[in-house]
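Everything below belongs to protein-v1.pdb, which stores PDB, C-alpha atoms, pLDDT in the B column.
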```pdb
ATOM      1  CA  MET A 927       2.244  11.126   2.177  1.00 87.00           C
ATOM      2  CA  LYS A 928       2.485  13.986   4.615  1.00 92.00           C
ATOM      3  CA  ILE A 929       4.879  12.236   6.979  1.00 94.00           C
ATOM      4  CA  LYS A 930       8.476  12.110   5.782  1.00 94.00           C
ATOM      5  CA  ARG A 931      11.682  10.428   6.834  1.00 94.00           C
ATOM      6  CA  ASN A 932      13.391  11.904   9.927  1.00 94.00           C
ATOM      7  CA  ASP A 933      10.143  13.472  11.223  1.00 94.00           C
ATOM      8  CA  GLN A 934       9.607  13.225  14.976  1.00 95.00           C
ATOM      9  CA  VAL A 935       6.325  11.369  15.522  1.00 96.00           C
ATOM     10  CA  THR A 936       4.320   9.948  18.398  1.00 97.00           C
ATOM     11  CA  VAL A 937       2.149   6.827  18.306  1.00 97.00           C
ATOM     12  CA  ILE A 938      -1.534   7.601  18.984  1.00 97.00           C
ATOM     13  CA  ALA A 939      -3.030   4.097  18.755  1.00 96.00           C
ATOM     14  CA  GLY A 940      -2.072   0.481  19.271  1.00 93.00           C
ATOM     15  CA  GLU A 941       0.239  -1.428  21.560  1.00 94.00           C
ATOM     16  CA  ASP A 942       2.932   1.277  21.557  1.00 95.00           C
ATOM     17  CA  LYS A 943       0.554   4.190  22.199  1.00 96.00           C
ATOM     18  CA  GLY A 944       2.363   7.148  23.764  1.00 95.00           C
ATOM     19  CA  LYS A 945       5.827   6.245  22.477  1.00 96.00           C
ATOM     20  CA  SER A 946       7.631   8.623  20.168  1.00 96.00           C
ATOM     21  CA  GLY A 947      10.593   8.412  17.830  1.00 96.00           C
ATOM     22  CA  ARG A 948      12.085   9.374  14.515  1.00 96.00           C
ATOM     23  CA  VAL A 949      10.742   8.015  11.210  1.00 96.00           C
ATOM     24  CA  LEU A 950      13.397   5.723   9.737  1.00 96.00           C
ATOM     25  CA  ARG A 951      11.599   4.669   6.560  1.00 96.00           C
ATOM     26  CA  VAL A 952       8.408   5.541   4.679  1.00 96.00           C
ATOM     27  CA  ILE A 953       6.522   2.920   2.624  1.00 97.00           C
ATOM     28  CA  PRO A 954       4.004   4.987   0.599  1.00 96.00           C
ATOM     29  CA  ASP A 955       2.381   2.148  -1.384  1.00 97.00           C
ATOM     30  CA  GLN A 956       1.379   0.413   1.894  1.00 96.00           C
ATOM     31  CA  ASP A 957       0.686   3.646   3.869  1.00 96.00           C
ATOM     32  CA  ARG A 958       3.179   2.570   6.538  1.00 97.00           C
ATOM     33  CA  VAL A 959       6.170   4.032   8.344  1.00 97.00           C
ATOM     34  CA  VAL A 960       8.985   2.512  10.397  1.00 97.00           C
ATOM     35  CA  VAL A 961       9.550   4.443  13.634  1.00 97.00           C
ATOM     36  CA  GLU A 962      12.717   4.187  15.707  1.00 96.00           C
ATOM     37  CA  GLY A 963      12.111   2.276  18.956  1.00 95.00           C
ATOM     38  CA  VAL A 964       8.467   1.409  18.202  1.00 96.00           C
ATOM     39  CA  ASN A 965       6.690  -1.848  17.215  1.00 95.00           C
ATOM     40  CA  PHE A 966       9.545  -4.302  17.805  1.00 96.00           C
ATOM     41  CA  ILE A 967       9.321  -7.788  16.310  1.00 96.00           C
ATOM     42  CA  LYS A 968      11.615 -10.810  16.582  1.00 96.00           C
ATOM     43  CA  ARG A 969      12.939 -12.562  13.503  1.00 94.00           C
ATOM     44  CA  HIS A 970      14.690 -15.924  13.570  1.00 96.00           C
ATOM     45  CA  THR A 971      17.460 -15.778  10.977  1.00 94.00           C
ATOM     46  CA  ARG A 972      19.744 -18.467   9.621  1.00 94.00           C
ATOM     47  CA  PRO A 973      23.481 -17.904   9.528  1.00 94.00           C
ATOM     48  CA  ARG A 974      24.813 -16.646   6.220  1.00 94.00           C
ATOM     49  CA  PRO A 975      28.336 -15.906   5.066  1.00 95.00           C
ATOM     50  CA  GLY A 976      29.402 -12.788   6.936  1.00 92.00           C
ATOM     51  CA  GLN A 977      26.297 -12.777   9.136  1.00 90.00           C
ATOM     52  CA  GLN A 978      25.601 -14.602  12.362  1.00 91.00           C
ATOM     53  CA  GLY A 979      22.278 -16.395  12.850  1.00 92.00           C
ATOM     54  CA  GLY A 980      19.951 -16.073  15.804  1.00 95.00           C
ATOM     55  CA  ILE A 981      16.995 -14.069  17.005  1.00 95.00           C
ATOM     56  CA  ILE A 982      17.087 -10.482  15.732  1.00 93.00           C
ATOM     57  CA  GLU A 983      14.827  -7.815  17.208  1.00 95.00           C
ATOM     58  CA  ARG A 984      13.964  -4.874  14.933  1.00 94.00           C
ATOM     59  CA  GLU A 985      11.256  -2.334  14.202  1.00 96.00           C
ATOM     60  CA  ALA A 986       8.315  -3.324  12.016  1.00 97.00           C
ATOM     61  CA  PRO A 987       6.209  -0.932   9.920  1.00 97.00           C
ATOM     62  CA  ILE A 988       3.226   0.755  11.561  1.00 97.00           C
ATOM     63  CA  HIS A 989       0.256   2.247   9.727  1.00 97.00           C
ATOM     64  CA  VAL A 990       0.568   5.972   9.090  1.00 97.00           C
ATOM     65  CA  SER A 991      -2.869   6.638  10.617  1.00 96.00           C
ATOM     66  CA  ASN A 992      -1.513   5.509  13.997  1.00 97.00           C
ATOM     67  CA  VAL A 993       1.162   8.214  14.210  1.00 97.00           C
ATOM     68  CA  MET A 994       1.109  12.016  14.438  1.00 97.00           C
ATOM     69  CA  VAL A 995       3.911  14.500  13.860  1.00 96.00           C
ATOM     70  CA  ILE A 996       5.203  16.293  16.953  1.00 96.00           C
ATOM     71  CA  ASP A 997       4.698  20.067  16.758  1.00 94.00           C
ATOM     72  CA  PRO A 998       8.098  21.787  17.004  1.00 91.00           C
ATOM     73  CA  ALA A 999       6.568  24.701  18.932  1.00 92.00           C
ATOM     74  CA  ASP A1000       5.257  22.819  21.981  1.00 92.00           C
ATOM     75  CA  GLY A1001       6.203  19.138  21.562  1.00 92.00           C
ATOM     76  CA  LYS A1002       2.616  17.889  21.322  1.00 95.00           C
ATOM     77  CA  PRO A1003       1.045  15.845  18.487  1.00 96.00           C
ATOM     78  CA  SER A1004      -0.333  17.861  15.597  1.00 95.00           C
ATOM     79  CA  ARG A1005      -1.974  17.327  12.254  1.00 95.00           C
ATOM     80  CA  ILE A1006      -0.138  18.460   9.137  1.00 95.00           C
ATOM     81  CA  GLY A1007      -1.229  21.123   6.675  1.00 94.00           C
ATOM     82  CA  SER A1008       0.529  22.938   3.874  1.00 93.00           C
ATOM     83  CA  HIS A1009       0.988  26.528   2.797  1.00 92.00           C
ATOM     84  CA  VAL A1010       2.089  27.734  -0.599  1.00 93.00           C
ATOM     85  CA  LEU A1011       5.079  30.061  -0.376  1.00 91.00           C
ATOM     86  CA  ALA A1012       5.630  33.139  -2.550  1.00 93.00           C
ATOM     87  CA  ASP A1013       7.942  31.237  -4.901  1.00 93.00           C
ATOM     88  CA  GLY A1014       5.262  28.563  -5.472  1.00 90.00           C
ATOM     89  CA  LYS A1015       6.772  25.839  -3.285  1.00 90.00           C
ATOM     90  CA  ARG A1016       4.688  24.001  -0.691  1.00 91.00           C
ATOM     91  CA  GLN A1017       5.700  24.180   2.963  1.00 92.00           C
ATOM     92  CA  ARG A1018       4.436  21.657   5.515  1.00 93.00           C
ATOM     93  CA  VAL A1019       3.033  23.297   8.645  1.00 95.00           C
ATOM     94  CA  ALA A1020       1.777  22.025  11.981  1.00 94.00           C
ATOM     95  CA  ARG A1021      -1.947  22.728  12.252  1.00 94.00           C
ATOM     96  CA  ARG A1022      -1.707  23.130  16.029  1.00 93.00           C
ATOM     97  CA  SER A1023       0.628  26.160  16.028  1.00 92.00           C
ATOM     98  CA  GLY A1024       0.980  27.074  12.349  1.00 91.00           C
ATOM     99  CA  GLU A1025       4.760  26.684  12.623  1.00 92.00           C
ATOM    100  CA  ALA A1026       6.618  25.331   9.589  1.00 92.00           C
ATOM    101  CA  LEU A1027       7.850  21.754   9.824  1.00 91.00           C
ATOM    102  CA  PRO A1028      11.485  21.204   8.884  1.00 85.00           C
ATOM    103  CA  ASP A1029      11.997  19.710   5.437  1.00 81.00           C
ATOM    104  CA  ASN A1030      14.413  17.091   6.738  1.00 72.00           C
ATOM    105  CA  GLU A1031      14.232  14.515   3.943  1.00 62.00           C
ATOM    106  CA  ALA A1032      17.929  13.699   4.027  1.00 54.00           C
TER     107      ALA A1032
END
```
Written as structure tokens, how would this file's structure read?
Amino acid sequence: MKIKRNDQVTVIAGEDKGKSGRVLRVIPDQDRVVVEGVNFIKRHTRPRPGQQGGIIEREAPIHVSNVMVIDPADGKPSRIGSHVLADGKRQRVARRSGEALPDNEA
């Protein structure tokens, strides 16, 4: 997948269209990502030892086709490409400006 954890993305389709946030988790086998502050759901949980029960609100996964990476040059959504560097490594780049995307998989 071209989108990685900690990328800044914006939602381009669906109920949360226009919202942006940081990618918290990537689920490659389902082609989904969890974005901070986007696609909230409510879960009713039972109390467990060390955990209180109640209604918990958290982010749910969103399909990767509904998000775009934010171009670091101008802050607008951009597609992702890749360039091969001189040492043979691949570098992700924003198609909009050609600027390299940070490799922030931490």
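Minimum distance to A:Arg1005 across A:Ala1020, A:Val993, A:Ala1026, A:Ile953 (counting all atoms listed in the file) occurs at A:Ala1020.
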> How would you write, as a PyMOL selection string, the residues chosen by the PyMOL selection byres ((chain A and resi 937) around 10) on this structure?
Replying inline: chain A and resi 935-936+938-947+961+964-965+988-995+1003
Neighbouring residues of A:His970 were defined as those with any atom within 7 Å, considering all atoms listed in the file; residues of the same chain fewer than 3 positions away were excluded. Please report them as a compact mmCIF listing (two decimals) with C-alpha atoms, keeping the file's coordinate frame.
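The result, stored in result.txt:
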```
# COMPACT_ATOMS: atom_id res chain seq x y z
CA GLY A 980 19.95 -16.07 15.80
CA ILE A 981 17.00 -14.07 17.00
CA ILE A 982 17.09 -10.48 15.73
```
>> Given the PyMOL selection byres ((chain A and resi 967) around 8) and the file above, list the residues it selects as a ChimeraX atom specification.
In response: /A:965-966,968-969,983-986
> Between A:Ala999, A:Pro975, A:Arg931, A:Val952, which has the minimum distance to A:Asp1029 (counting only C-alpha atoms)?
Replying inline: A:Arg931
Listed atoms of stretch 985-1000 of chain A, axis-aligned box, 8 Å per side: centre and edge lengths to one decimal in Å, as AutoDock Vina command-line options?
```
--center_x 4.2 --center_y 10.7 --center_z 15.5 --size_x 30.1 --size_y 44.0 --size_z 28.9
```
> For A:Arg1022, which residue out of A:Gly1001, A:Pro987, A:Pro973, A:Gly963 is the nearest one, using all atoms listed in the file?
Replying inline: A:Gly1001
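Counting from atom CA of A:Pro954, the distance to atom CA of A:Leu1011 is 25.1 Å.
Taken over the whole file, the PyMOL selection byres ((chain A and resi 1018) around 6) covers exactly A:Gly1007, A:Ser1008, A:Gln1017, A:Val1019, A:Ala1026, A:Leu1027.
Interatomic distance, atom CA of A:Val949 to atom CA of A:Lys1015: 23.3 Å.
Residues with at least one atom no more than 9 Å from (15.6, 16.1, 10.8), using only C-alpha atoms, are Arg931, Asn932, Asp933, Gln934, Arg948, Pro1028, Asp1029, Asn1030, Glu1031 and Ala1032 of chain A.
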> So how many Å separate atom CA of A:Ile1006 and atom CA of A:Lys930, to one decimal?
Replying inline: 11.2 Å
> Can you find the residues with an atom no farther than 10 Å from (1.1, 11.6, -2.6), counting all atoms listed in the file, and report them as a ChimeraX atom specification?
Replying inline: /A:927-928,954-955
Export C-alpha atoms of the chosen residues as a short mmCIF file (atom, residue, chain, number, x, y, z; two decimals), keeping the file's coordinate frame?
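Done, and the output landed in out.cif:
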```cif
data_model
loop_
_atom_site.label_atom_id
_atom_site.label_comp_id
_atom_site.auth_asym_id
_atom_site.auth_seq_id
_atom_site.Cartn_x
_atom_site.Cartn_y
_atom_site.Cartn_z
CA MET A 927 2.24 11.13 2.18
CA LYS A 928 2.48 13.99 4.62
CA PRO A 954 4.00 4.99 0.60
CA ASP A 955 2.38 2.15 -1.38
#
```
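With all atoms listed in the file as the basis for measurement, A:Arg1021 is the residue among A:Gly976, A:Arg1021, A:Arg951, A:Val959 that approaches A:Ser1004 most closely.
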Can you pull stretch 940-962 of chain A out of that block with N, CA and C atoms and hand it back as a short mmCIF file (atom, residue, chain, number, x, y, z; two decimals), in the first residue's frame?
```cif
data_model
loop_
_atom_site.label_atom_id
_atom_site.label_comp_id
_atom_site.auth_asym_id
_atom_site.auth_seq_id
_atom_site.Cartn_x
_atom_site.Cartn_y
_atom_site.Cartn_z
N GLY A 940 -17.39 10.13 1.11
CA GLY A 940 -18.10 9.56 2.25
C GLY A 940 -18.59 10.61 3.22
N GLU A 941 -19.07 10.14 4.35
CA GLU A 941 -19.69 11.00 5.35
C GLU A 941 -18.72 12.04 5.92
N ASP A 942 -17.45 11.70 6.02
CA ASP A 942 -16.46 12.59 6.60
C ASP A 942 -15.64 13.33 5.56
N LYS A 943 -16.20 13.51 4.36
CA LYS A 943 -15.49 14.18 3.27
C LYS A 943 -15.02 15.57 3.71
N GLY A 944 -13.74 15.86 3.42
CA GLY A 944 -13.17 17.15 3.77
C GLY A 944 -12.37 17.14 5.06
N LYS A 945 -12.57 16.14 5.91
CA LYS A 945 -11.81 16.06 7.15
C LYS A 945 -10.42 15.52 6.87
N SER A 946 -9.48 15.89 7.72
CA SER A 946 -8.12 15.37 7.54
C SER A 946 -7.58 14.94 8.89
N GLY A 947 -6.56 14.11 8.85
CA GLY A 947 -5.95 13.60 10.08
C GLY A 947 -4.77 12.72 9.77
N ARG A 948 -4.20 12.17 10.81
CA ARG A 948 -3.02 11.33 10.71
C ARG A 948 -3.46 9.87 10.68
N VAL A 949 -2.78 9.05 9.88
CA VAL A 949 -3.09 7.63 9.79
C VAL A 949 -2.55 6.94 11.04
N LEU A 950 -3.45 6.31 11.79
CA LEU A 950 -3.07 5.63 13.02
C LEU A 950 -2.67 4.18 12.77
N ARG A 951 -3.37 3.54 11.81
CA ARG A 951 -3.15 2.12 11.58
C ARG A 951 -3.46 1.80 10.13
N VAL A 952 -2.71 0.88 9.54
CA VAL A 952 -2.93 0.44 8.17
C VAL A 952 -3.28 -1.03 8.20
N ILE A 953 -4.35 -1.42 7.48
CA ILE A 953 -4.79 -2.81 7.41
C ILE A 953 -4.69 -3.24 5.94
N PRO A 954 -3.52 -3.72 5.51
CA PRO A 954 -3.29 -3.97 4.08
C PRO A 954 -4.17 -5.07 3.49
N ASP A 955 -4.47 -6.14 4.24
CA ASP A 955 -5.25 -7.23 3.66
C ASP A 955 -6.70 -6.84 3.41
N GLN A 956 -7.20 -5.76 4.04
CA GLN A 956 -8.56 -5.28 3.81
C GLN A 956 -8.57 -3.97 3.03
N ASP A 957 -7.40 -3.44 2.66
CA ASP A 957 -7.26 -2.15 1.97
C ASP A 957 -7.92 -1.03 2.76
N ARG A 958 -7.69 -0.99 4.06
CA ARG A 958 -8.30 0.02 4.92
C ARG A 958 -7.26 0.70 5.79
N VAL A 959 -7.61 1.92 6.21
CA VAL A 959 -6.76 2.68 7.14
C VAL A 959 -7.63 3.27 8.24
N VAL A 960 -7.04 3.49 9.40
CA VAL A 960 -7.72 4.15 10.50
C VAL A 960 -7.11 5.54 10.60
N VAL A 961 -7.97 6.57 10.48
CA VAL A 961 -7.50 7.96 10.47
C VAL A 961 -7.97 8.65 11.75
N GLU A 962 -7.06 9.39 12.36
CA GLU A 962 -7.35 10.08 13.61
C GLU A 962 -8.45 11.12 13.42
#
```
